[in-house]
Amino acid sequence: MANVYFDHNATTALDKRVLESMLPWMSAQSGNPTSRHVYGRSARDAVEHARAQVAEACGAYSSQVVFTANGTEANNFAIKGMAGHRPSVLSQLDLNQTATQILTSAIEHPCVTRPALSMQQLGYISRQIAVDANGKVDLEKLQQHQLTSPTGLVSVMLANNETGVIQEVATIAEMARAVGAFMHTDAVQGLGKLPLSFSDLNVQAMTVSSHKIHGPQGAAALILDKRVDIQPLLHGGGQEKGLRSGTENVAAIVGFGVACELAVANQTKYATHTQALRDQFELGLTKLAEKLGVTIFGSKVARLPNTSFFAIDGIEGETLVMALDRKGYAVASGSACSSDSTEPSHVLLAMGVDKDMARGAVRVSFGISNTTAEVSDFLATLNNEVLRLKQLTAIAA
Ligand code: PLP
């Protein structure tokens, strides 16, 4: 049986070089970075070295990197911490006049959407920005209808975890700036897959996460423009310049730094390799389509090189994922991060895909270690499994 991992947008295997960099911080006497003695000082140096590596990979300064435990925390921090910002148009008016709105795109990960919704209890208005049929933010609707109300914060992801579709973040940041709003982008799926520059995107905050780039789970960062007056989520000993209290996870942060360095060094190779696999896969899929009826989502616009999100007529996504798993292929249905839910993908619903087709969606996300032989074998297995499932459905009907 095959043993093939095609779910790299969910998480990635720890790189051996990353593991080696982490081991001294897990096995030998490791100090607390806030301690003044030699153990503490060397842990502090290790964290600061990693901070510089993360900053370099993100096109940012070290002073802009705030370490968090995961991307979910960094996104919560950005949304809840920056929501208090009042757009400059409002500050010139009566401060109590209007509630400020938080705009998030309709295709964000729940760790952006839910904190935004939770802010409604504190009097903020949370609204979603529509996307078009390709999964791209509708800039015209945003400009004409939504940015007309006083807006404190706009959050639009750089690349979607399901479709891989890439957004025009720098343009949206410009539009947000024009109305005095801050802009956050969730770049968790962008790091390592695309060239990434915090300063070029011109946003005030950007989220990145270690375990998506062959780093360890347990480390992530919010890259933050230090001129932003942001409220911490965690209060305590004042680590991370008071923005994120709690003893740093030194080993995970060190590993994150090394993973960043490797991701940047390999980014072009990664993009070329995974895009070739994706092209091979989608060509094969289109050939199947003549017999089966296949839709590939977001394929008409710029996407992450490694991601393919598709549905086959009459086949349930969950059922196909389980059938492929039994044959040794790890793929995802809808968003793997919320796969305990059987609801159709909110991303596809936002793109106007009908519920039945959305329920059929399956995501394949390639990684640097996958091969063309794996893709060929996978296409053959997919063909057989789909035909088998179609026969079963026909018998049941
Ligand atoms: N944002 C996006 C786009 C993601 O895909 C994920 C996880 O898959 C997250 C945020 C959450 O990141 P983490 O798993 O580090 O909490």
# chains A, B, ... in the order shown; residues from 1 in each chain; ligands from 1
$ closest_atom_pairs --of "stretch 140-192 of chain A" --to "stretch 75-84 of chain A" --cutoff "8 Å" --atoms "only C-alpha atoms" --output "CSV"
residue,atom,partner,partner_atom,distance
A:Gly152,CA,A:Ala83,CA,6.2
A:Leu153,CA,A:Ala83,CA,6.0
A:Ser155,CA,A:Ile79,CA,7.9
A:Phe182,CA,A:Met82,CA,7.7
A:His184,CA,A:Ala78,CA,7.0
A:Asp186,CA,A:Asn75,CA,7.0
$ write_last_selection --atoms "N, CA and C atoms" --output "PDB file, in the first residue's frame"
ATOM      1  N   GLY A 152     -12.006  50.397  11.562  1.00  0.00           N
ATOM      2  CA  GLY A 152     -10.773  50.422  12.346  1.00  0.00           C
ATOM      3  C   GLY A 152      -9.753  49.437  11.833  1.00  0.00           C
ATOM      4  N   LEU A 153     -10.251  48.282  11.362  1.00  0.00           N
ATOM      5  CA  LEU A 153      -9.337  47.199  11.018  1.00  0.00           C
ATOM      6  C   LEU A 153      -9.869  46.394   9.838  1.00  0.00           C
ATOM      7  N   SER A 155      -8.902  42.790   7.733  1.00  0.00           N
ATOM      8  CA  SER A 155      -8.035  41.606   7.721  1.00  0.00           C
ATOM      9  C   SER A 155      -8.372  40.744   6.505  1.00  0.00           C
ATOM     10  N   PHE A 182      -6.383  50.186  10.006  1.00  0.00           N
ATOM     11  CA  PHE A 182      -5.212  49.322  10.027  1.00  0.00           C
ATOM     12  C   PHE A 182      -5.508  48.082   9.196  1.00  0.00           C
ATOM     13  N   HIS A 184      -4.405  43.950   8.597  1.00  0.00           N
ATOM     14  CA  HIS A 184      -3.712  42.727   9.013  1.00  0.00           C
ATOM     15  C   HIS A 184      -3.832  41.705   7.898  1.00  0.00           C
ATOM     16  N   ASP A 186      -3.176  37.443   7.193  1.00  0.00           N
ATOM     17  CA  ASP A 186      -2.797  36.118   7.654  1.00  0.00           C
ATOM     18  C   ASP A 186      -1.975  35.495   6.526  1.00  0.00           C
TER      19      ASP A 186
END
$ residues_around --residues "A:Ser365" --least-positions-apart "5" --cutoff "8 Å" --atoms "only C-alpha atoms" --output "PDB file with all heavy atoms, in the first residue's frame"
ATOM      1  N   PHE A   6      -0.082  14.059   1.107  1.00  0.00           N
ATOM      2  CA  PHE A   6      -0.417  15.168   0.196  1.00  0.00           C
ATOM      3  C   PHE A   6      -1.249  16.206   0.955  1.00  0.00           C
ATOM      4  O   PHE A   6      -2.245  16.694   0.432  1.00  0.00           O
ATOM      5  CB  PHE A   6      -1.266  14.654  -0.981  1.00  0.00           C
ATOM      6  CG  PHE A   6      -0.514  13.902  -2.053  1.00  0.00           C
ATOM      7  CD1 PHE A   6      -1.172  12.911  -2.791  1.00  0.00           C
ATOM      8  CD2 PHE A   6       0.806  14.192  -2.384  1.00  0.00           C
ATOM      9  CE1 PHE A   6      -0.528  12.224  -3.812  1.00  0.00           C
ATOM     10  CE2 PHE A   6       1.460  13.497  -3.404  1.00  0.00           C
ATOM     11  CZ  PHE A   6       0.801  12.518  -4.115  1.00  0.00           C
ATOM     12  N   ASP A   7      -0.866  16.490   2.202  1.00  0.00           N
ATOM     13  CA  ASP A   7      -1.676  17.419   3.009  1.00  0.00           C
ATOM     14  C   ASP A   7      -0.787  18.476   3.659  1.00  0.00           C
ATOM     15  O   ASP A   7      -0.915  18.785   4.849  1.00  0.00           O
ATOM     16  CB  ASP A   7      -2.446  16.609   4.076  1.00  0.00           C
ATOM     17  CG  ASP A   7      -3.602  17.386   4.679  1.00  0.00           C
ATOM     18  OD1 ASP A   7      -3.987  18.432   4.095  1.00  0.00           O
ATOM     19  OD2 ASP A   7      -4.117  16.971   5.728  1.00  0.00           O
ATOM     20  N   HIS A   8       0.106  19.056   2.839  1.00  0.00           N
ATOM     21  CA  HIS A   8       1.107  19.980   3.388  1.00  0.00           C
ATOM     22  C   HIS A   8       0.537  21.333   3.789  1.00  0.00           C
ATOM     23  O   HIS A   8       1.229  22.108   4.449  1.00  0.00           O
ATOM     24  CB  HIS A   8       2.252  20.164   2.377  1.00  0.00           C
ATOM     25  CG  HIS A   8       3.078  18.928   2.215  1.00  0.00           C
ATOM     26  ND1 HIS A   8       2.736  17.914   1.345  1.00  0.00           N
ATOM     27  CD2 HIS A   8       4.200  18.522   2.854  1.00  0.00           C
ATOM     28  CE1 HIS A   8       3.630  16.946   1.436  1.00  0.00           C
ATOM     29  NE2 HIS A   8       4.522  17.280   2.341  1.00  0.00           N
ATOM     30  N   ASN A   9      -0.709  21.652   3.379  1.00  0.00           N
ATOM     31  CA  ASN A   9      -1.281  22.915   3.877  1.00  0.00           C
ATOM     32  C   ASN A   9      -1.791  22.753   5.308  1.00  0.00           C
ATOM     33  O   ASN A   9      -2.046  23.742   5.991  1.00  0.00           O
ATOM     34  CB  ASN A   9      -2.419  23.407   2.971  1.00  0.00           C
ATOM     35  CG  ASN A   9      -1.880  23.979   1.675  1.00  0.00           C
ATOM     36  OD1 ASN A   9      -0.687  23.885   1.395  1.00  0.00           O
ATOM     37  ND2 ASN A   9      -2.756  24.584   0.874  1.00  0.00           N
ATOM     38  N   ASN A 306       1.399  24.840  -4.823  1.00  0.00           N
ATOM     39  CA  ASN A 306       1.301  23.431  -4.381  1.00  0.00           C
ATOM     40  C   ASN A 306      -0.122  22.932  -4.182  1.00  0.00           C
ATOM     41  O   ASN A 306      -0.302  21.781  -3.800  1.00  0.00           O
ATOM     42  CB  ASN A 306       2.037  23.277  -3.044  1.00  0.00           C
ATOM     43  CG  ASN A 306       1.229  23.848  -1.892  1.00  0.00           C
ATOM     44  OD1 ASN A 306       0.576  24.886  -2.041  1.00  0.00           O
ATOM     45  ND2 ASN A 306       1.234  23.184  -0.757  1.00  0.00           N
ATOM     46  N   THR A 307      -1.125  23.813  -4.381  1.00  0.00           N
ATOM     47  CA  THR A 307      -2.473  23.491  -3.906  1.00  0.00           C
ATOM     48  C   THR A 307      -3.447  23.226  -5.048  1.00  0.00           C
ATOM     49  O   THR A 307      -3.506  23.996  -6.001  1.00  0.00           O
ATOM     50  CB  THR A 307      -3.026  24.679  -3.060  1.00  0.00           C
ATOM     51  OG1 THR A 307      -2.063  24.973  -2.042  1.00  0.00           O
ATOM     52  CG2 THR A 307      -4.356  24.350  -2.414  1.00  0.00           C
ATOM     53  N   SER A 308      -4.235  22.146  -4.909  1.00  0.00           N
ATOM     54  CA  SER A 308      -5.307  21.862  -5.859  1.00  0.00           C
ATOM     55  C   SER A 308      -6.554  21.491  -5.059  1.00  0.00           C
ATOM     56  O   SER A 308      -6.515  20.612  -4.200  1.00  0.00           O
ATOM     57  CB  SER A 308      -4.892  20.704  -6.763  1.00  0.00           C
ATOM     58  OG  SER A 308      -5.906  20.486  -7.726  1.00  0.00           O
ATOM     59  N   VAL A 331      -5.013  13.086   2.080  1.00  0.00           N
ATOM     60  CA  VAL A 331      -5.486  14.346   1.487  1.00  0.00           C
ATOM     61  C   VAL A 331      -6.567  14.898   2.414  1.00  0.00           C
ATOM     62  O   VAL A 331      -6.916  14.251   3.397  1.00  0.00           O
ATOM     63  CB  VAL A 331      -6.033  14.153   0.049  1.00  0.00           C
ATOM     64  CG1 VAL A 331      -4.963  13.599  -0.875  1.00  0.00           C
ATOM     65  CG2 VAL A 331      -7.248  13.229   0.041  1.00  0.00           C
TER      66      VAL A 331
END
$ select_by_dssp --residues "stretch 88-310 of chain A" --states "helix (DSSP H, G or I)" --output "PyMOL selection string"
chain A and resi 88-91+110-122+139-146+169-178+198-201+210-212+240-242+250-292
$ residues_near_ligand --ligand "ligand 1" --cutoff "6 Å" --atoms "only C-alpha atoms and all ligand atoms" --output "list in words"
Ala10, Asn70, Gly71, Thr72, His109, Asn160, Asn161, Asp186, Val188, Gln189, Ser209 and Cys337 of chain A
$ residues_around --residues "stretch 191-202 of chain A" --least-positions-apart "6" --cutoff "6 Å" --atoms "only C-alpha atoms" --output "JSON, numbers by chain"
{"A": [58, 59, 60, 170, 263, 267]}
$ residues_around --residues "A:Met183" --least-positions-apart "5" --cutoff "8 Å" --atoms "only C-alpha atoms" --output "count of residues only"
10
$ atom_distance --atom1 "atom CA of A:Pro24" --atom2 "atom CA of A:His235"
29.0 Å
$ closest_atom_pairs --of "stretch 179-295 of chain A" --to "stretch 375-389 of chain A" --cutoff "8 Å" --atoms "only C-alpha atoms" --output "CSV"
residue,atom,partner,partner_atom,distance
A:Leu277,CA,A:Val375,CA,6.9
A:Gln280,CA,A:Val375,CA,7.4
A:Phe281,CA,A:Val375,CA,6.2
A:Gly284,CA,A:Leu379,CA,6.6
A:Leu285,CA,A:Leu379,CA,7.3
A:Leu288,CA,A:Asn383,CA,7.0
$ write_last_selection --atoms "N, CA and C atoms" --output "mmCIF file, in the first residue's frame"
data_model
loop_
_atom_site.group_PDB
_atom_site.id
_atom_site.type_symbol
_atom_site.label_atom_id
_atom_site.label_comp_id
_atom_site.auth_asym_id
_atom_site.auth_seq_id
_atom_site.Cartn_x
_atom_site.Cartn_y
_atom_site.Cartn_z
ATOM 1 N N LEU A 277 4.261 19.302 -10.002
ATOM 2 C CA LEU A 277 3.436 18.189 -9.516
ATOM 3 C C LEU A 277 1.950 18.545 -9.640
ATOM 4 N N GLN A 280 0.906 18.366 -13.261
ATOM 5 C CA GLN A 280 0.790 16.947 -13.644
ATOM 6 C C GLN A 280 -0.526 16.383 -13.100
ATOM 7 N N PHE A 281 -0.798 16.709 -11.843
ATOM 8 C CA PHE A 281 -2.011 16.196 -11.200
ATOM 9 C C PHE A 281 -3.265 16.739 -11.895
ATOM 10 N N GLY A 284 -3.948 15.259 -15.308
ATOM 11 C CA GLY A 284 -4.527 13.920 -15.147
ATOM 12 C C GLY A 284 -5.975 14.003 -14.708
ATOM 13 N N LEU A 285 -6.241 14.934 -13.810
ATOM 14 C CA LEU A 285 -7.596 15.109 -13.288
ATOM 15 C C LEU A 285 -8.545 15.548 -14.409
ATOM 16 N N LEU A 288 -9.540 12.676 -16.430
ATOM 17 C CA LEU A 288 -10.605 11.928 -15.758
ATOM 18 C C LEU A 288 -11.941 12.633 -15.946
#
$ select_by_dssp --residues "stretch 123-314 of chain A" --states "strand (DSSP E or B)" --output "tab-separated table (two decimals) with N, CA, C and O atoms, in the first residue's frame"
chain	number	residue	atom	x	y	z
A	125	ILE	N	-18.55	46.38	15.23
A	125	ILE	CA	-19.36	45.73	14.20
A	125	ILE	C	-18.42	44.89	13.34
A	125	ILE	O	-17.41	45.41	12.86
A	126	SER	N	-18.75	43.60	13.20
A	126	SER	CA	-17.89	42.75	12.38
A	126	SER	C	-18.63	42.45	11.08
A	126	SER	O	-19.74	41.92	11.09
A	127	ARG	N	-18.01	42.77	9.95
A	127	ARG	CA	-18.63	42.49	8.64
A	127	ARG	C	-17.67	41.72	7.77
A	127	ARG	O	-16.46	41.86	7.90
A	128	GLN	N	-18.27	40.96	6.85
A	128	GLN	CA	-17.41	40.16	5.97
A	128	GLN	C	-17.32	40.78	4.58
A	128	GLN	O	-18.29	41.34	4.07
A	129	ILE	N	-16.14	40.67	4.00
A	129	ILE	CA	-15.92	41.21	2.65
A	129	ILE	C	-16.17	40.07	1.65
A	129	ILE	O	-15.62	38.99	1.80
A	131	VAL	N	-16.21	37.72	-1.71
A	131	VAL	CA	-15.24	37.32	-2.73
A	131	VAL	C	-16.00	36.97	-4.00
A	131	VAL	O	-17.20	36.67	-3.95
A	137	VAL	N	-11.04	38.62	-3.30
A	137	VAL	CA	-11.79	39.71	-2.67
A	137	VAL	C	-12.29	40.67	-3.74
A	137	VAL	O	-11.54	41.06	-4.64
A	151	THR	N	-14.07	52.42	9.63
A	151	THR	CA	-13.45	51.09	9.76
A	151	THR	C	-12.14	51.20	10.51
A	151	THR	O	-11.27	52.00	10.15
A	152	GLY	N	-12.01	50.40	11.56
A	152	GLY	CA	-10.77	50.42	12.35
A	152	GLY	C	-9.75	49.44	11.83
A	152	GLY	O	-8.55	49.70	11.85
A	153	LEU	N	-10.25	48.28	11.36
A	153	LEU	CA	-9.34	47.20	11.02
A	153	LEU	C	-9.87	46.39	9.84
A	153	LEU	O	-11.06	46.07	9.78
A	154	VAL	N	-8.97	46.07	8.92
A	154	VAL	CA	-9.30	45.19	7.78
A	154	VAL	C	-8.36	44.00	7.86
A	154	VAL	O	-7.16	44.17	8.08
A	155	SER	N	-8.90	42.79	7.73
A	155	SER	CA	-8.04	41.61	7.72
A	155	SER	C	-8.37	40.74	6.51
A	155	SER	O	-9.49	40.26	6.37
A	159	ALA	N	-2.99	34.14	1.24
A	159	ALA	CA	-3.34	33.01	0.37
A	159	ALA	C	-4.26	32.10	1.15
A	159	ALA	O	-4.05	31.84	2.34
A	165	VAL	N	-5.85	30.43	-3.41
A	165	VAL	CA	-5.96	31.69	-4.16
A	165	VAL	C	-5.28	32.84	-3.40
A	165	VAL	O	-5.42	32.98	-2.19
A	166	ILE	N	-4.52	33.63	-4.16
A	166	ILE	CA	-3.71	34.71	-3.59
A	166	ILE	C	-4.46	36.04	-3.73
A	166	ILE	O	-5.01	36.34	-4.79
A	182	PHE	N	-6.38	50.19	10.01
A	182	PHE	CA	-5.21	49.32	10.03
A	182	PHE	C	-5.51	48.08	9.20
A	182	PHE	O	-6.66	47.70	9.02
A	183	MET	N	-4.44	47.46	8.73
A	183	MET	CA	-4.60	46.25	7.90
A	183	MET	C	-3.76	45.11	8.46
A	183	MET	O	-2.57	45.27	8.76
A	184	HIS	N	-4.40	43.95	8.60
A	184	HIS	CA	-3.71	42.73	9.01
A	184	HIS	C	-3.83	41.71	7.90
A	184	HIS	O	-4.87	41.63	7.23
A	185	THR	N	-2.78	40.92	7.69
A	185	THR	CA	-2.90	39.80	6.75
A	185	THR	C	-2.41	38.52	7.40
A	185	THR	O	-1.38	38.51	8.09
A	186	ASP	N	-3.18	37.44	7.19
A	186	ASP	CA	-2.80	36.12	7.65
A	186	ASP	C	-1.98	35.50	6.53
A	186	ASP	O	-2.52	35.11	5.50
A	191	LEU	N	4.07	31.97	3.65
A	191	LEU	CA	5.48	31.84	4.02
A	191	LEU	C	6.07	30.55	3.43
A	191	LEU	O	5.51	29.47	3.61
A	194	LEU	N	5.65	31.53	-1.27
A	194	LEU	CA	5.71	32.72	-2.12
A	194	LEU	C	6.81	33.63	-1.56
A	194	LEU	O	7.09	33.56	-0.36
A	205	ALA	N	0.16	44.51	10.34
A	205	ALA	CA	0.40	43.26	11.06
A	205	ALA	C	0.27	42.07	10.11
A	205	ALA	O	-0.57	42.09	9.19
A	206	MET	N	1.10	41.04	10.34
A	206	MET	CA	1.11	39.86	9.45
A	206	MET	C	1.42	38.61	10.29
A	206	MET	O	2.34	38.62	11.09
A	207	THR	N	0.64	37.55	10.05
A	207	THR	CA	0.80	36.31	10.82
A	207	THR	C	1.57	35.27	10.03
A	207	THR	O	1.28	35.05	8.85
A	208	VAL	N	2.53	34.61	10.68
A	208	VAL	CA	3.23	33.46	10.07
A	208	VAL	C	3.32	32.34	11.11
A	208	VAL	O	3.29	32.61	12.31
A	209	SER	N	3.43	31.10	10.64
A	209	SER	CA	3.42	29.97	11.58
A	209	SER	C	4.45	28.93	11.18
A	209	SER	O	4.60	28.60	9.99
A	220	ALA	N	5.10	30.56	16.35
A	220	ALA	CA	4.55	31.36	15.25
A	220	ALA	C	4.92	32.81	15.58
A	220	ALA	O	5.60	33.06	16.59
A	221	ALA	N	4.50	33.74	14.73
A	221	ALA	CA	4.81	35.14	15.04
A	221	ALA	C	3.77	36.07	14.44
A	221	ALA	O	3.17	35.76	13.41
A	222	LEU	N	3.58	37.18	15.13
A	222	LEU	CA	2.88	38.31	14.52
A	222	LEU	C	3.95	39.34	14.20
A	222	LEU	O	4.70	39.76	15.08
A	223	ILE	N	4.05	39.67	12.91
A	223	ILE	CA	4.98	40.73	12.50
A	223	ILE	C	4.19	42.03	12.61
A	223	ILE	O	3.08	42.13	12.07
A	224	LEU	N	4.75	42.97	13.32
A	224	LEU	CA	3.94	44.11	13.74
A	224	LEU	C	4.67	45.43	13.53
A	224	LEU	O	5.82	45.58	13.95
A	294	VAL	N	-15.28	16.94	-13.40
A	294	VAL	CA	-14.46	17.47	-12.30
A	294	VAL	C	-14.45	19.00	-12.35
A	294	VAL	O	-14.38	19.57	-13.44
A	295	THR	N	-14.52	19.64	-11.19
A	295	THR	CA	-14.36	21.09	-11.12
A	295	THR	C	-13.13	21.38	-10.27
A	295	THR	O	-12.99	20.83	-9.18
A	296	ILE	N	-12.25	22.25	-10.78
A	296	ILE	CA	-11.09	22.68	-9.99
A	296	ILE	C	-11.35	24.13	-9.56
A	296	ILE	O	-11.56	25.00	-10.41
A	303	ARG	N	-2.63	31.25	-7.82
A	303	ARG	CA	-2.79	30.37	-6.65
A	303	ARG	C	-1.43	30.00	-6.09
A	303	ARG	O	-0.42	30.12	-6.79
A	307	THR	N	-1.12	23.81	-4.38
A	307	THR	CA	-2.47	23.49	-3.91
A	307	THR	C	-3.45	23.23	-5.05
A	307	THR	O	-3.51	24.00	-6.00
A	308	SER	N	-4.24	22.15	-4.91
A	308	SER	CA	-5.31	21.86	-5.86
A	308	SER	C	-6.55	21.49	-5.06
A	308	SER	O	-6.51	20.61	-4.20
A	309	PHE	N	-7.65	22.18	-5.34
A	309	PHE	CA	-8.89	21.97	-4.60
A	309	PHE	C	-9.97	21.66	-5.65
A	309	PHE	O	-10.22	22.46	-6.54
A	310	PHE	N	-10.55	20.48	-5.55
A	310	PHE	CA	-11.43	20.05	-6.65
A	310	PHE	C	-12.62	19.27	-6.11
A	310	PHE	O	-12.63	18.82	-4.96
A	311	ALA	N	-13.62	19.08	-6.98
A	311	ALA	CA	-14.77	18.22	-6.63
A	311	ALA	C	-15.12	17.39	-7.85
A	311	ALA	O	-15.00	17.85	-8.99
A	312	ILE	N	-15.52	16.15	-7.59
A	312	ILE	CA	-15.93	15.25	-8.67
A	312	ILE	C	-17.44	15.03	-8.55
A	312	ILE	O	-17.93	14.72	-7.45
$ closest_residue --among "A:Glu316, A:Glu162, A:Glu56, A:Glu343" --to "A:Ile107" --atoms "only C-alpha atoms"
A:Glu162
$ closest_residue --among "A:Lys355, A:Lys390, A:His85, A:His211" --to "A:Gly180" --atoms "only C-alpha atoms"
A:His85
$ atom_distance --atom1 "atom CA of A:Ser333" --atom2 "atom CA of A:Glu290"
22.5 Å
$ decode --residues "stretch 43-54 of chain A" --atoms "N, CA, C and O atoms" --output "compact mmCIF listing (two decimals), in the first residue's frame"
# COMPACT_ATOMS: atom_id res chain seq x y z
N ALA A 43 20.05 31.33 26.30
CA ALA A 43 18.69 31.12 25.76
C ALA A 43 18.19 32.40 25.08
O ALA A 43 17.60 32.37 24.00
N ARG A 44 18.47 33.54 25.72
CA ARG A 44 18.06 34.83 25.13
C ARG A 44 18.73 35.03 23.77
O ARG A 44 18.08 35.42 22.80
N ASP A 45 20.02 34.74 23.70
CA ASP A 45 20.74 34.90 22.43
C ASP A 45 20.12 34.02 21.34
O ASP A 45 19.99 34.43 20.19
N ALA A 46 19.74 32.79 21.74
CA ALA A 46 19.16 31.86 20.76
C ALA A 46 17.82 32.40 20.25
O ALA A 46 17.52 32.35 19.05
N VAL A 47 17.02 32.94 21.16
CA VAL A 47 15.72 33.50 20.75
C VAL A 47 15.94 34.70 19.83
O VAL A 47 15.27 34.84 18.80
N GLU A 48 16.93 35.54 20.17
CA GLU A 48 17.16 36.74 19.34
C GLU A 48 17.71 36.37 17.96
O GLU A 48 17.38 37.01 16.96
N HIS A 49 18.51 35.30 17.93
CA HIS A 49 19.03 34.84 16.62
C HIS A 49 17.84 34.37 15.75
O HIS A 49 17.74 34.72 14.57
N ALA A 50 16.94 33.61 16.38
CA ALA A 50 15.76 33.12 15.64
C ALA A 50 14.89 34.30 15.20
O ALA A 50 14.34 34.29 14.09
N ARG A 51 14.81 35.30 16.03
CA ARG A 51 13.98 36.47 15.67
C ARG A 51 14.53 37.11 14.38
O ARG A 51 13.77 37.49 13.49
N ALA A 52 15.85 37.19 14.30
CA ALA A 52 16.46 37.79 13.10
C ALA A 52 16.19 36.91 11.88
O ALA A 52 15.93 37.42 10.78
N GLN A 53 16.23 35.59 12.06
CA GLN A 53 15.96 34.68 10.93
C GLN A 53 14.51 34.81 10.45
O GLN A 53 14.24 34.84 9.25
N VAL A 54 13.57 34.89 11.41
CA VAL A 54 12.15 35.03 11.04
C VAL A 54 11.94 36.37 10.33
O VAL A 54 11.28 36.45 9.28
